[in-house]
>>> print(open('input-v1.cif').read())   # mmCIF, N, CA and C atoms
data_upload
#
loop_
_atom_site.label_atom_id
_atom_site.label_comp_id
_atom_site.auth_asym_id
_atom_site.auth_seq_id
_atom_site.Cartn_x
_atom_site.Cartn_y
_atom_site.Cartn_z
N MET A 1346 -2.72 -37.00 10.31
CA MET A 1346 -1.75 -37.69 9.46
C MET A 1346 -0.43 -37.81 10.24
N LEU A 1347 0.30 -38.83 9.94
CA LEU A 1347 1.61 -39.06 10.52
C LEU A 1347 2.66 -38.70 9.48
N TYR A 1348 3.63 -37.89 9.88
CA TYR A 1348 4.72 -37.47 9.00
C TYR A 1348 6.03 -38.05 9.51
N LEU A 1349 6.82 -38.60 8.61
CA LEU A 1349 8.14 -39.16 8.94
C LEU A 1349 9.20 -38.33 8.25
N ALA A 1350 10.35 -38.23 8.91
CA ALA A 1350 11.50 -37.57 8.29
C ALA A 1350 12.76 -38.02 9.00
N ALA A 1351 13.86 -37.99 8.27
CA ALA A 1351 15.15 -38.36 8.84
C ALA A 1351 16.27 -37.75 8.01
N ASP A 1352 17.37 -37.48 8.71
CA ASP A 1352 18.58 -37.15 7.97
C ASP A 1352 19.30 -38.46 7.68
N HIS A 1353 20.53 -38.37 7.18
CA HIS A 1353 21.28 -39.57 6.81
C HIS A 1353 21.55 -40.48 8.01
N GLY A 1354 21.73 -39.91 9.20
CA GLY A 1354 21.99 -40.70 10.39
C GLY A 1354 20.79 -41.48 10.88
N GLY A 1355 19.61 -41.03 10.52
CA GLY A 1355 18.39 -41.70 10.93
C GLY A 1355 17.66 -42.40 9.79
N PHE A 1356 18.24 -42.34 8.59
CA PHE A 1356 17.57 -42.89 7.41
C PHE A 1356 17.20 -44.36 7.56
N LEU A 1357 18.15 -45.20 7.97
CA LEU A 1357 17.88 -46.63 8.07
C LEU A 1357 16.81 -46.93 9.13
N LEU A 1358 16.83 -46.19 10.24
CA LEU A 1358 15.81 -46.38 11.26
C LEU A 1358 14.44 -45.98 10.73
N LYS A 1359 14.38 -44.87 10.00
CA LYS A 1359 13.11 -44.44 9.40
C LYS A 1359 12.57 -45.52 8.46
N GLU A 1360 13.43 -46.14 7.71
CA GLU A 1360 12.99 -47.18 6.78
C GLU A 1360 12.43 -48.39 7.54
N GLU A 1361 13.02 -48.74 8.68
CA GLU A 1361 12.49 -49.82 9.51
C GLU A 1361 11.13 -49.44 10.11
N ILE A 1362 11.01 -48.20 10.52
CA ILE A 1362 9.74 -47.72 11.07
C ILE A 1362 8.66 -47.77 9.98
N LYS A 1363 9.00 -47.41 8.76
CA LYS A 1363 8.04 -47.47 7.66
C LYS A 1363 7.54 -48.90 7.46
N LYS A 1364 8.43 -49.88 7.52
CA LYS A 1364 8.02 -51.28 7.37
C LYS A 1364 7.02 -51.66 8.47
N HIS A 1365 7.31 -51.22 9.68
CA HIS A 1365 6.42 -51.50 10.80
C HIS A 1365 5.06 -50.84 10.60
N LEU A 1366 5.06 -49.59 10.22
CA LEU A 1366 3.80 -48.88 9.99
C LEU A 1366 3.00 -49.53 8.87
N ASP A 1367 3.68 -49.96 7.83
CA ASP A 1367 3.00 -50.65 6.73
C ASP A 1367 2.35 -51.94 7.23
N SER A 1368 3.06 -52.68 8.08
CA SER A 1368 2.52 -53.94 8.60
C SER A 1368 1.31 -53.71 9.50
N GLU A 1369 1.22 -52.52 10.09
CA GLU A 1369 0.09 -52.17 10.97
C GLU A 1369 -0.98 -51.37 10.22
N ASN A 1370 -0.78 -51.19 8.91
CA ASN A 1370 -1.71 -50.41 8.07
C ASN A 1370 -1.91 -48.99 8.61
N ILE A 1371 -0.83 -48.38 9.06
CA ILE A 1371 -0.86 -47.00 9.53
C ILE A 1371 -0.38 -46.10 8.40
N GLU A 1372 -1.21 -45.16 8.02
CA GLU A 1372 -0.91 -44.25 6.92
C GLU A 1372 0.10 -43.20 7.37
N TYR A 1373 1.00 -42.82 6.48
CA TYR A 1373 2.01 -41.81 6.78
C TYR A 1373 2.46 -41.15 5.49
N ILE A 1374 3.13 -40.02 5.66
CA ILE A 1374 3.78 -39.34 4.55
C ILE A 1374 5.26 -39.23 4.90
N ASP A 1375 6.10 -39.66 3.99
CA ASP A 1375 7.56 -39.63 4.18
C ASP A 1375 8.08 -38.32 3.59
N CYS A 1376 8.62 -37.47 4.45
CA CYS A 1376 9.15 -36.17 4.04
C CYS A 1376 10.64 -36.22 3.72
N GLY A 1377 11.21 -37.39 3.66
CA GLY A 1377 12.63 -37.53 3.31
C GLY A 1377 13.50 -37.77 4.52
N THR A 1378 14.69 -37.96 4.28
CA THR A 1378 15.48 -38.12 3.10
C THR A 1378 15.23 -39.49 2.48
N ASP A 1379 15.67 -39.65 1.26
CA ASP A 1379 15.40 -40.88 0.53
C ASP A 1379 16.64 -41.74 0.32
N SER A 1380 17.73 -41.41 1.03
CA SER A 1380 18.96 -42.19 0.90
C SER A 1380 19.86 -41.89 2.10
N PRO A 1381 20.90 -42.68 2.28
CA PRO A 1381 21.84 -42.40 3.37
C PRO A 1381 22.88 -41.32 3.04
N GLU A 1382 22.69 -40.61 1.94
CA GLU A 1382 23.58 -39.51 1.58
C GLU A 1382 23.38 -38.35 2.56
N SER A 1383 24.43 -37.65 2.88
CA SER A 1383 24.41 -36.59 3.88
C SER A 1383 23.43 -35.47 3.52
N VAL A 1384 22.57 -35.13 4.49
CA VAL A 1384 21.65 -34.00 4.39
C VAL A 1384 21.60 -33.31 5.74
N ASP A 1385 21.09 -32.09 5.78
CA ASP A 1385 21.04 -31.31 7.00
C ASP A 1385 19.75 -31.57 7.76
N TYR A 1386 19.88 -32.00 9.01
CA TYR A 1386 18.70 -32.37 9.82
C TYR A 1386 17.77 -31.20 10.05
N ALA A 1387 18.28 -29.99 10.14
CA ALA A 1387 17.42 -28.84 10.41
C ALA A 1387 16.41 -28.63 9.28
N LEU A 1388 16.86 -28.77 8.05
CA LEU A 1388 15.97 -28.58 6.90
C LEU A 1388 14.96 -29.71 6.77
N ILE A 1389 15.39 -30.92 7.07
CA ILE A 1389 14.48 -32.07 7.04
C ILE A 1389 13.41 -31.92 8.11
N ALA A 1390 13.82 -31.52 9.32
CA ALA A 1390 12.86 -31.33 10.42
C ALA A 1390 11.84 -30.25 10.06
N LYS A 1391 12.30 -29.15 9.51
CA LYS A 1391 11.38 -28.06 9.16
C LYS A 1391 10.36 -28.50 8.12
N LYS A 1392 10.81 -29.24 7.14
CA LYS A 1392 9.89 -29.71 6.09
C LYS A 1392 8.75 -30.52 6.69
N ALA A 1393 9.06 -31.45 7.58
CA ALA A 1393 8.02 -32.28 8.20
C ALA A 1393 7.18 -31.47 9.18
N CYS A 1394 7.83 -30.66 10.00
CA CYS A 1394 7.10 -29.91 11.03
C CYS A 1394 6.17 -28.86 10.46
N ASP A 1395 6.53 -28.28 9.33
CA ASP A 1395 5.62 -27.33 8.66
C ASP A 1395 4.31 -28.02 8.29
N GLU A 1396 4.37 -29.30 7.97
CA GLU A 1396 3.16 -30.06 7.66
C GLU A 1396 2.42 -30.45 8.94
N ILE A 1397 3.15 -30.86 9.95
CA ILE A 1397 2.55 -31.33 11.20
C ILE A 1397 1.69 -30.24 11.83
N VAL A 1398 2.16 -29.01 11.84
CA VAL A 1398 1.42 -27.94 12.53
C VAL A 1398 0.16 -27.49 11.80
N LYS A 1399 -0.09 -28.01 10.62
CA LYS A 1399 -1.29 -27.63 9.87
C LYS A 1399 -2.56 -28.20 10.48
N ASP A 1400 -2.45 -29.24 11.30
CA ASP A 1400 -3.63 -29.86 11.92
C ASP A 1400 -3.24 -30.38 13.29
N LYS A 1401 -4.03 -30.05 14.31
CA LYS A 1401 -3.69 -30.42 15.69
C LYS A 1401 -3.64 -31.92 15.90
N ASP A 1402 -4.24 -32.70 15.01
CA ASP A 1402 -4.23 -34.16 15.13
C ASP A 1402 -3.04 -34.80 14.45
N ASN A 1403 -2.25 -34.03 13.71
CA ASN A 1403 -1.07 -34.57 13.05
C ASN A 1403 -0.01 -34.94 14.07
N ARG A 1404 0.80 -35.92 13.73
CA ARG A 1404 1.93 -36.35 14.54
C ARG A 1404 3.14 -36.52 13.63
N GLY A 1405 4.31 -36.59 14.25
CA GLY A 1405 5.53 -36.80 13.49
C GLY A 1405 6.49 -37.72 14.18
N ILE A 1406 7.29 -38.39 13.38
CA ILE A 1406 8.40 -39.20 13.87
C ILE A 1406 9.62 -38.78 13.07
N LEU A 1407 10.61 -38.26 13.78
CA LEU A 1407 11.81 -37.75 13.15
C LEU A 1407 13.03 -38.48 13.69
N CYS A 1408 13.98 -38.77 12.82
CA CYS A 1408 15.18 -39.50 13.21
C CYS A 1408 16.43 -38.83 12.67
N CYS A 1409 17.45 -38.79 13.50
CA CYS A 1409 18.80 -38.42 13.06
C CYS A 1409 19.75 -39.39 13.76
N GLY A 1410 21.02 -39.08 13.82
CA GLY A 1410 21.96 -40.00 14.44
C GLY A 1410 21.69 -40.25 15.91
N THR A 1411 21.43 -39.17 16.66
CA THR A 1411 21.15 -39.29 18.09
C THR A 1411 19.70 -39.00 18.44
N GLY A 1412 18.98 -38.33 17.56
CA GLY A 1412 17.63 -37.86 17.85
C GLY A 1412 17.63 -36.47 18.45
N ILE A 1413 18.78 -36.03 18.93
CA ILE A 1413 18.86 -34.75 19.63
C ILE A 1413 18.83 -33.57 18.66
N GLY A 1414 19.67 -33.58 17.67
CA GLY A 1414 19.73 -32.46 16.73
C GLY A 1414 18.40 -32.22 16.04
N ILE A 1415 17.78 -33.29 15.57
CA ILE A 1415 16.52 -33.12 14.83
C ILE A 1415 15.40 -32.69 15.78
N SER A 1416 15.48 -33.08 17.07
CA SER A 1416 14.46 -32.61 18.03
C SER A 1416 14.67 -31.14 18.34
N MET A 1417 15.91 -30.70 18.41
CA MET A 1417 16.18 -29.27 18.64
C MET A 1417 15.65 -28.45 17.47
N ALA A 1418 15.89 -28.92 16.26
CA ALA A 1418 15.40 -28.22 15.07
C ALA A 1418 13.87 -28.20 15.04
N ALA A 1419 13.26 -29.33 15.33
CA ALA A 1419 11.79 -29.42 15.31
C ALA A 1419 11.17 -28.45 16.29
N ASN A 1420 11.75 -28.32 17.47
CA ASN A 1420 11.19 -27.46 18.50
C ASN A 1420 11.33 -25.97 18.18
N LYS A 1421 12.02 -25.62 17.13
CA LYS A 1421 12.09 -24.23 16.67
C LYS A 1421 10.84 -23.83 15.88
N VAL A 1422 10.05 -24.81 15.45
CA VAL A 1422 8.84 -24.54 14.68
C VAL A 1422 7.68 -24.33 15.65
N ASN A 1423 7.03 -23.17 15.56
CA ASN A 1423 5.89 -22.87 16.43
C ASN A 1423 4.84 -23.96 16.33
N GLY A 1424 4.40 -24.43 17.49
CA GLY A 1424 3.38 -25.46 17.54
C GLY A 1424 3.90 -26.86 17.68
N ILE A 1425 5.21 -27.02 17.59
CA ILE A 1425 5.81 -28.34 17.74
C ILE A 1425 6.27 -28.55 19.17
N ARG A 1426 5.93 -29.73 19.69
CA ARG A 1426 6.43 -30.18 20.99
C ARG A 1426 7.09 -31.53 20.72
N ALA A 1427 8.38 -31.49 20.41
CA ALA A 1427 9.13 -32.69 20.04
C ALA A 1427 9.89 -33.21 21.25
N ALA A 1428 9.91 -34.53 21.38
CA ALA A 1428 10.63 -35.17 22.47
C ALA A 1428 11.53 -36.26 21.91
N CYS A 1429 12.79 -36.21 22.32
CA CYS A 1429 13.75 -37.23 21.95
C CYS A 1429 13.65 -38.34 23.00
N CYS A 1430 13.25 -39.52 22.57
CA CYS A 1430 13.03 -40.63 23.50
C CYS A 1430 13.80 -41.87 23.06
N SER A 1431 14.30 -42.59 24.05
CA SER A 1431 14.96 -43.86 23.78
C SER A 1431 14.49 -44.94 24.75
N ASP A 1432 13.39 -44.67 25.47
CA ASP A 1432 12.81 -45.67 26.37
C ASP A 1432 11.29 -45.55 26.36
N TYR A 1433 10.65 -46.64 26.72
CA TYR A 1433 9.20 -46.76 26.68
C TYR A 1433 8.51 -45.74 27.58
N PHE A 1434 8.98 -45.60 28.82
CA PHE A 1434 8.36 -44.70 29.78
C PHE A 1434 8.33 -43.27 29.26
N SER A 1435 9.45 -42.80 28.74
CA SER A 1435 9.51 -41.43 28.23
C SER A 1435 8.58 -41.23 27.03
N ALA A 1436 8.55 -42.20 26.13
CA ALA A 1436 7.69 -42.09 24.95
C ALA A 1436 6.22 -42.06 25.35
N LYS A 1437 5.85 -42.80 26.37
CA LYS A 1437 4.47 -42.81 26.84
C LYS A 1437 4.12 -41.51 27.56
N PHE A 1438 4.98 -41.10 28.48
CA PHE A 1438 4.63 -39.94 29.29
C PHE A 1438 4.83 -38.61 28.58
N THR A 1439 5.59 -38.59 27.49
CA THR A 1439 5.67 -37.35 26.73
C THR A 1439 4.35 -37.08 26.02
N ARG A 1440 3.58 -38.13 25.76
CA ARG A 1440 2.22 -37.94 25.23
C ARG A 1440 1.24 -37.64 26.37
N LEU A 1441 1.27 -38.44 27.43
CA LEU A 1441 0.33 -38.28 28.53
C LEU A 1441 0.41 -36.90 29.18
N HIS A 1442 1.63 -36.45 29.48
CA HIS A 1442 1.81 -35.23 30.26
C HIS A 1442 2.22 -34.02 29.44
N ASN A 1443 2.92 -34.22 28.33
CA ASN A 1443 3.45 -33.10 27.55
C ASN A 1443 2.73 -32.87 26.24
N ASP A 1444 1.82 -33.75 25.89
CA ASP A 1444 1.10 -33.66 24.62
C ASP A 1444 2.06 -33.46 23.45
N ALA A 1445 3.19 -34.17 23.50
CA ALA A 1445 4.16 -34.07 22.41
C ALA A 1445 3.50 -34.51 21.11
N ASN A 1446 3.81 -33.79 20.04
CA ASN A 1446 3.27 -34.16 18.74
C ASN A 1446 4.34 -34.72 17.81
N VAL A 1447 5.58 -34.76 18.29
CA VAL A 1447 6.67 -35.32 17.49
C VAL A 1447 7.55 -36.19 18.40
N LEU A 1448 7.80 -37.40 17.93
CA LEU A 1448 8.73 -38.33 18.58
C LEU A 1448 10.02 -38.33 17.78
N CYS A 1449 11.13 -38.08 18.47
CA CYS A 1449 12.44 -38.09 17.82
C CYS A 1449 13.27 -39.23 18.39
N MET A 1450 14.02 -39.89 17.51
CA MET A 1450 14.87 -41.00 17.93
C MET A 1450 16.17 -40.98 17.15
N GLY A 1451 17.17 -41.61 17.73
CA GLY A 1451 18.48 -41.68 17.11
C GLY A 1451 18.74 -43.02 16.46
N GLY A 1452 19.07 -43.00 15.20
CA GLY A 1452 19.38 -44.22 14.47
C GLY A 1452 20.64 -44.89 14.96
N ARG A 1453 21.50 -44.15 15.65
CA ARG A 1453 22.73 -44.72 16.20
C ARG A 1453 22.58 -45.04 17.68
N VAL A 1454 21.36 -44.85 18.20
CA VAL A 1454 21.08 -45.02 19.63
C VAL A 1454 20.04 -46.10 19.88
N VAL A 1455 19.00 -46.12 19.08
CA VAL A 1455 17.84 -47.00 19.28
C VAL A 1455 17.80 -48.03 18.16
N GLY A 1456 17.66 -49.30 18.53
CA GLY A 1456 17.50 -50.35 17.54
C GLY A 1456 16.10 -50.35 16.96
N ALA A 1457 15.93 -51.03 15.85
CA ALA A 1457 14.65 -51.04 15.14
C ALA A 1457 13.52 -51.61 15.99
N GLY A 1458 13.77 -52.69 16.72
CA GLY A 1458 12.72 -53.29 17.53
C GLY A 1458 12.19 -52.35 18.58
N LEU A 1459 13.10 -51.73 19.32
CA LEU A 1459 12.69 -50.77 20.35
C LEU A 1459 12.02 -49.55 19.71
N ALA A 1460 12.57 -49.09 18.61
CA ALA A 1460 11.98 -47.92 17.93
C ALA A 1460 10.52 -48.18 17.57
N CYS A 1461 10.22 -49.35 17.09
CA CYS A 1461 8.84 -49.67 16.71
C CYS A 1461 7.94 -49.73 17.95
N GLU A 1462 8.46 -50.22 19.07
CA GLU A 1462 7.69 -50.19 20.32
C GLU A 1462 7.41 -48.75 20.76
N LEU A 1463 8.41 -47.89 20.62
CA LEU A 1463 8.24 -46.49 20.99
C LEU A 1463 7.23 -45.80 20.08
N VAL A 1464 7.28 -46.11 18.81
CA VAL A 1464 6.31 -45.56 17.86
C VAL A 1464 4.90 -45.99 18.27
N ASP A 1465 4.73 -47.27 18.58
CA ASP A 1465 3.41 -47.77 18.96
C ASP A 1465 2.86 -47.06 20.18
N VAL A 1466 3.66 -46.95 21.24
CA VAL A 1466 3.15 -46.31 22.46
C VAL A 1466 2.91 -44.83 22.22
N PHE A 1467 3.75 -44.18 21.44
CA PHE A 1467 3.57 -42.77 21.12
C PHE A 1467 2.26 -42.54 20.38
N LEU A 1468 1.97 -43.39 19.41
CA LEU A 1468 0.76 -43.21 18.59
C LEU A 1468 -0.51 -43.62 19.32
N LYS A 1469 -0.42 -44.54 20.26
CA LYS A 1469 -1.61 -45.07 20.93
C LYS A 1469 -1.94 -44.34 22.23
N THR A 1470 -1.04 -43.51 22.71
CA THR A 1470 -1.26 -42.83 23.99
C THR A 1470 -1.81 -41.43 23.75
N GLY A 1471 -2.86 -41.09 24.47
CA GLY A 1471 -3.47 -39.77 24.36
C GLY A 1471 -2.95 -38.83 25.43
N PHE A 1472 -3.31 -37.59 25.29
CA PHE A 1472 -2.94 -36.55 26.26
C PHE A 1472 -3.90 -36.63 27.43
N GLU A 1473 -3.36 -36.65 28.64
CA GLU A 1473 -4.15 -36.77 29.86
C GLU A 1473 -4.92 -35.49 30.20
N GLY A 1474 -4.41 -34.35 29.77
CA GLY A 1474 -5.07 -33.08 30.06
C GLY A 1474 -5.00 -32.73 31.53
N GLY A 1475 -6.10 -32.17 32.06
CA GLY A 1475 -6.14 -31.81 33.47
C GLY A 1475 -5.05 -30.82 33.82
N ARG A 1476 -4.34 -31.11 34.91
CA ARG A 1476 -3.30 -30.21 35.39
C ARG A 1476 -2.18 -30.00 34.37
N HIS A 1477 -2.04 -30.94 33.44
CA HIS A 1477 -0.98 -30.84 32.44
C HIS A 1477 -1.31 -29.80 31.38
N GLN A 1478 -2.59 -29.53 31.16
CA GLN A 1478 -2.98 -28.54 30.17
C GLN A 1478 -2.44 -27.16 30.52
N ARG A 1479 -2.45 -26.82 31.80
CA ARG A 1479 -1.92 -25.53 32.24
C ARG A 1479 -0.46 -25.38 31.80
N ARG A 1480 0.29 -26.43 31.91
CA ARG A 1480 1.72 -26.37 31.55
C ARG A 1480 1.91 -26.28 30.03
N ILE A 1481 1.06 -26.95 29.29
CA ILE A 1481 1.12 -26.84 27.83
C ILE A 1481 0.77 -25.42 27.41
N ASP A 1482 -0.23 -24.84 28.07
CA ASP A 1482 -0.60 -23.44 27.80
C ASP A 1482 0.56 -22.50 28.11
N GLN A 1483 1.30 -22.78 29.16
CA GLN A 1483 2.46 -21.95 29.50
C GLN A 1483 3.54 -22.06 28.43
N LEU A 1484 3.76 -23.27 27.92
CA LEU A 1484 4.72 -23.44 26.83
C LEU A 1484 4.28 -22.64 25.60
N THR A 1485 3.00 -22.69 25.30
CA THR A 1485 2.47 -21.95 24.16
C THR A 1485 2.64 -20.45 24.36
N ASP A 1486 2.40 -19.96 25.59
CA ASP A 1486 2.59 -18.53 25.89
C ASP A 1486 4.05 -18.13 25.67
N ILE A 1487 4.97 -18.95 26.13
CA ILE A 1487 6.40 -18.66 25.92
C ILE A 1487 6.72 -18.62 24.44
N GLU A 1488 6.22 -19.58 23.72
CA GLU A 1488 6.45 -19.67 22.28
C GLU A 1488 5.89 -18.43 21.55
N ASN A 1489 4.67 -18.05 21.90
CA ASN A 1489 4.03 -16.91 21.25
C ASN A 1489 4.73 -15.60 21.59
N ALA A 1490 5.31 -15.48 22.77
CA ALA A 1490 6.03 -14.28 23.15
C ALA A 1490 7.30 -14.09 22.33
N GLN A 1491 7.79 -15.14 21.74
CA GLN A 1491 9.02 -15.10 20.94
C GLN A 1491 8.78 -14.64 19.51
N LYS A 1492 7.53 -14.58 19.09
CA LYS A 1492 7.21 -14.22 17.70
C LYS A 1492 7.57 -12.77 17.40
#
>>> encode(input="input-v1.cif", output="structure tokens")
Amino acid sequence: MLYLAADHGGFLLKEEIKKHLDSENIEYIDCGTDSPESVDYALIAKKACDEIVKDKDNRGILCCGTGIGISMAANKVNGIRAACCSDYFSAKFTRLHNDANVLCMGGRVVGAGLACELVDVFLKTGFEGGRHQRRIDQLTDIENAQK
């Protein structure tokens, strides 16, 4: 399942992404926020990421003003590998090499057209595995040592 979430700074971008996903018949769950009223990105990120980690095939798209704050919050949840991307190459290779399960973007940084392109490449690109799996395992070891 695909989970979406945004704070007030990313709300409008999330709404544009939802329109795009609807046009592509891609199923998703919107974890909020539901308006441009101020909310805390850390709590929004946690709500979505708690759902994402329930199944290894789940993915997430999170938005805030820059994409940075919400990606930092998301990466605090065990099992999340969130990447803040504002270009096609990064969105593609964060899946290929990093097996990222969350794409973060900034509503004040990325326009709707580019955001939808980034969503498409993020969702359509698989993890390459191979030598990259060792590095993902190392990230997991670091994460588990922090528990």
>>> residues_around(input="input-v1.cif", residues="Arg1476 of chain A", least_positions_apart="6", cutoff="12 Å", atoms="only C-alpha atoms", output="list in words")
Leu1441, His1442, Asn1443, Asp1482 and Gln1483 of chain A
>>> select_by_dssp(input="input-v1.cif", residues="segment 1349-1437 of chain A", states="strand (DSSP E)", output="PyMOL selection string")
chain A and resi 1349-1351+1374-1375+1404-1409+1427-1429
>>> closest_residue(input="input-v1.cif", among="A:Phe1438, A:Val1447, A:Val1384, A:Gly1452", to="Phe1356 of chain A", atoms="only N, CA and C atoms")
A:Gly1452
>>> residues_around(input="input-v1.cif", residues="Gly1412 of chain A", least_positions_apart="3", cutoff="8 Å", atoms="only C-alpha atoms", output="PDB file with N, CA and C atoms, in the coordinates of the input")
ATOM      1  N   GLY A1355      19.610 -41.030  10.520  1.00  0.00           N
ATOM      2  CA  GLY A1355      18.390 -41.700  10.930  1.00  0.00           C
ATOM      3  C   GLY A1355      17.660 -42.400   9.790  1.00  0.00           C
ATOM      4  N   LEU A1407      10.610 -38.260  13.780  1.00  0.00           N
ATOM      5  CA  LEU A1407      11.810 -37.750  13.150  1.00  0.00           C
ATOM      6  C   LEU A1407      13.030 -38.480  13.690  1.00  0.00           C
ATOM      7  N   CYS A1408      13.980 -38.770  12.820  1.00  0.00           N
ATOM      8  CA  CYS A1408      15.180 -39.500  13.210  1.00  0.00           C
ATOM      9  C   CYS A1408      16.430 -38.830  12.670  1.00  0.00           C
ATOM     10  N   CYS A1409      17.450 -38.790  13.500  1.00  0.00           N
ATOM     11  CA  CYS A1409      18.800 -38.420  13.060  1.00  0.00           C
ATOM     12  C   CYS A1409      19.750 -39.390  13.760  1.00  0.00           C
ATOM     13  N   ILE A1415      17.780 -33.290  15.570  1.00  0.00           N
ATOM     14  CA  ILE A1415      16.520 -33.120  14.830  1.00  0.00           C
ATOM     15  C   ILE A1415      15.400 -32.690  15.780  1.00  0.00           C
ATOM     16  N   SER A1416      15.480 -33.080  17.070  1.00  0.00           N
ATOM     17  CA  SER A1416      14.460 -32.610  18.030  1.00  0.00           C
ATOM     18  C   SER A1416      14.670 -31.140  18.340  1.00  0.00           C
ATOM     19  N   CYS A1429      12.790 -36.210  22.320  1.00  0.00           N
ATOM     20  CA  CYS A1429      13.750 -37.230  21.950  1.00  0.00           C
ATOM     21  C   CYS A1429      13.650 -38.340  23.000  1.00  0.00           C
ATOM     22  N   CYS A1430      13.250 -39.520  22.570  1.00  0.00           N
ATOM     23  CA  CYS A1430      13.030 -40.630  23.500  1.00  0.00           C
ATOM     24  C   CYS A1430      13.800 -41.870  23.060  1.00  0.00           C
ATOM     25  N   CYS A1449      11.130 -38.080  18.470  1.00  0.00           N
ATOM     26  CA  CYS A1449      12.440 -38.090  17.820  1.00  0.00           C
ATOM     27  C   CYS A1449      13.270 -39.230  18.390  1.00  0.00           C
ATOM     28  N   MET A1450      14.020 -39.890  17.510  1.00  0.00           N
ATOM     29  CA  MET A1450      14.870 -41.000  17.930  1.00  0.00           C
ATOM     30  C   MET A1450      16.170 -40.980  17.150  1.00  0.00           C
ATOM     31  N   GLY A1451      17.170 -41.610  17.730  1.00  0.00           N
ATOM     32  CA  GLY A1451      18.480 -41.680  17.110  1.00  0.00           C
ATOM     33  C   GLY A1451      18.740 -43.020  16.460  1.00  0.00           C
ATOM     34  N   GLY A1452      19.070 -43.000  15.200  1.00  0.00           N
ATOM     35  CA  GLY A1452      19.380 -44.220  14.470  1.00  0.00           C
ATOM     36  C   GLY A1452      20.640 -44.890  14.960  1.00  0.00           C
TER      37      GLY A1452
END
>>> resolve_selection(input="input-v1.cif", expression="the PyMOL selection byres ((chain A and resi 1471) around 5)", output="compact mmCIF listing (two decimals) with N, CA and C atoms, keeping the file's coordinate frame")
# COMPACT_ATOMS: atom_id res chain seq x y z
N ARG A 1440 3.58 -38.13 25.76
CA ARG A 1440 2.22 -37.94 25.23
C ARG A 1440 1.24 -37.64 26.37
N LEU A 1441 1.27 -38.44 27.43
CA LEU A 1441 0.33 -38.28 28.53
C LEU A 1441 0.41 -36.90 29.18
N LYS A 1469 -0.42 -44.54 20.26
CA LYS A 1469 -1.61 -45.07 20.93
C LYS A 1469 -1.94 -44.34 22.23
N THR A 1470 -1.04 -43.51 22.71
CA THR A 1470 -1.26 -42.83 23.99
C THR A 1470 -1.81 -41.43 23.75
N PHE A 1472 -3.31 -37.59 25.29
CA PHE A 1472 -2.94 -36.55 26.26
C PHE A 1472 -3.90 -36.63 27.43
N GLU A 1473 -3.36 -36.65 28.64
CA GLU A 1473 -4.15 -36.77 29.86
C GLU A 1473 -4.92 -35.49 30.20
>>> atom_distance(input="input-v1.cif", atom1="atom CA of Lys1364 of chain A", atom2="atom CA of Ala1457 of chain A")
10.2 Å
>>> residues_near_point(input="input-v1.cif", point="(9.0, -48.4, 19.1)", cutoff="12 Å", atoms="only C-alpha atoms", output="VMD selection string")
chain A and resid 1358 to 1359 1361 to 1363 1365 to 1366 1406 1430 to 1437 1448 to 1451 1455 to 1469
>>> residues_around(input="input-v1.cif", residues="Glu1382 of chain A", least_positions_apart="4", cutoff="10 Å", atoms="only C-alpha atoms", output="list in words")
Asp1352, His1353, Gly1354, Phe1356 and Thr1378 of chain A
>>> select_by_dssp(input="input-v1.cif", residues="chain A", states="alpha helix (DSSP H)", output="VMD selection string")
chain A and resid 1356 to 1368 1386 to 1397 1413 to 1419 1433 to 1441 1457 to 1469 1476 to 1490
>>> atom_distance(input="input-v1.cif", atom1="atom C of Asp1402 of chain A", atom2="atom C of Met1346 of chain A")
5.8 Å
>>> closest_residue(input="input-v1.cif", among="A:Ile1425, A:Ala1351, A:Ile1389, A:Ala1490", to="Asn1403 of chain A", atoms="only C-alpha atoms")
A:Ile1425
>>> residues_around(input="input-v1.cif", residues="Ile1397 of chain A", least_positions_apart="2", cutoff="8 Å", atoms="all atoms listed in the file", output="ChimeraX atom specification")
/A:1346-1348,1391-1395,1399-1405,1424-1425,1446
>>> closest_residue(input="input-v1.cif", among="A:Val1454, A:Asn1370, A:Gln1491, A:Ala1445", to="Thr1411 of chain A", atoms="all atoms listed in the file")
A:Val1454
>>> closest_residue(input="input-v1.cif", among="A:Glu1360, A:Asn1489, A:Leu1349, A:Ala1390", to="Asp1375 of chain A", atoms="all atoms listed in the file")
A:Leu1349
>>> atom_distance(input="input-v1.cif", atom1="atom CA of Gly1474 of chain A", atom2="atom C of Glu1396 of chain A")
22.6 Å
>>> closest_residue(input="input-v1.cif", among="A:Met1417, A:Ala1350, A:Ile1487, A:Thr1439", to="Asp1379 of chain A", atoms="only C-alpha atoms")
A:Ala1350
>>> decode(input="input-v1.cif", residues="segment 1486-1491 of chain A", atoms="N, CA and C atoms", output="PDB file, in the first residue's frame")
ATOM      1  N   ASP A1486      21.630  -2.857  10.758  1.00  0.00           N
ATOM      2  CA  ASP A1486      22.423  -3.169  11.958  1.00  0.00           C
ATOM      3  C   ASP A1486      22.607  -1.929  12.825  1.00  0.00           C
ATOM      4  N   ILE A1487      22.904  -0.803  12.213  1.00  0.00           N
ATOM      5  CA  ILE A1487      23.052   0.451  12.967  1.00  0.00           C
ATOM      6  C   ILE A1487      21.746   0.807  13.655  1.00  0.00           C
ATOM      7  N   GLU A1488      20.669   0.699  12.931  1.00  0.00           N
ATOM      8  CA  GLU A1488      19.343   1.009  13.463  1.00  0.00           C
ATOM      9  C   GLU A1488      19.000   0.099  14.654  1.00  0.00           C
ATOM     10  N   ASN A1489      19.238  -1.193  14.492  1.00  0.00           N
ATOM     11  CA  ASN A1489      18.923  -2.148  15.550  1.00  0.00           C
ATOM     12  C   ASN A1489      19.795  -1.952  16.783  1.00  0.00           C
ATOM     13  N   ALA A1490      21.023  -1.503  16.611  1.00  0.00           N
ATOM     14  CA  ALA A1490      21.908  -1.251  17.739  1.00  0.00           C
ATOM     15  C   ALA A1490      21.426  -0.085  18.590  1.00  0.00           C
ATOM     16  N   GLN A1491      20.601   0.767  18.034  1.00  0.00           N
ATOM     17  CA  GLN A1491      20.086   1.939  18.735  1.00  0.00           C
ATOM     18  C   GLN A1491      18.873   1.631  19.603  1.00  0.00           C
TER      19      GLN A1491
END
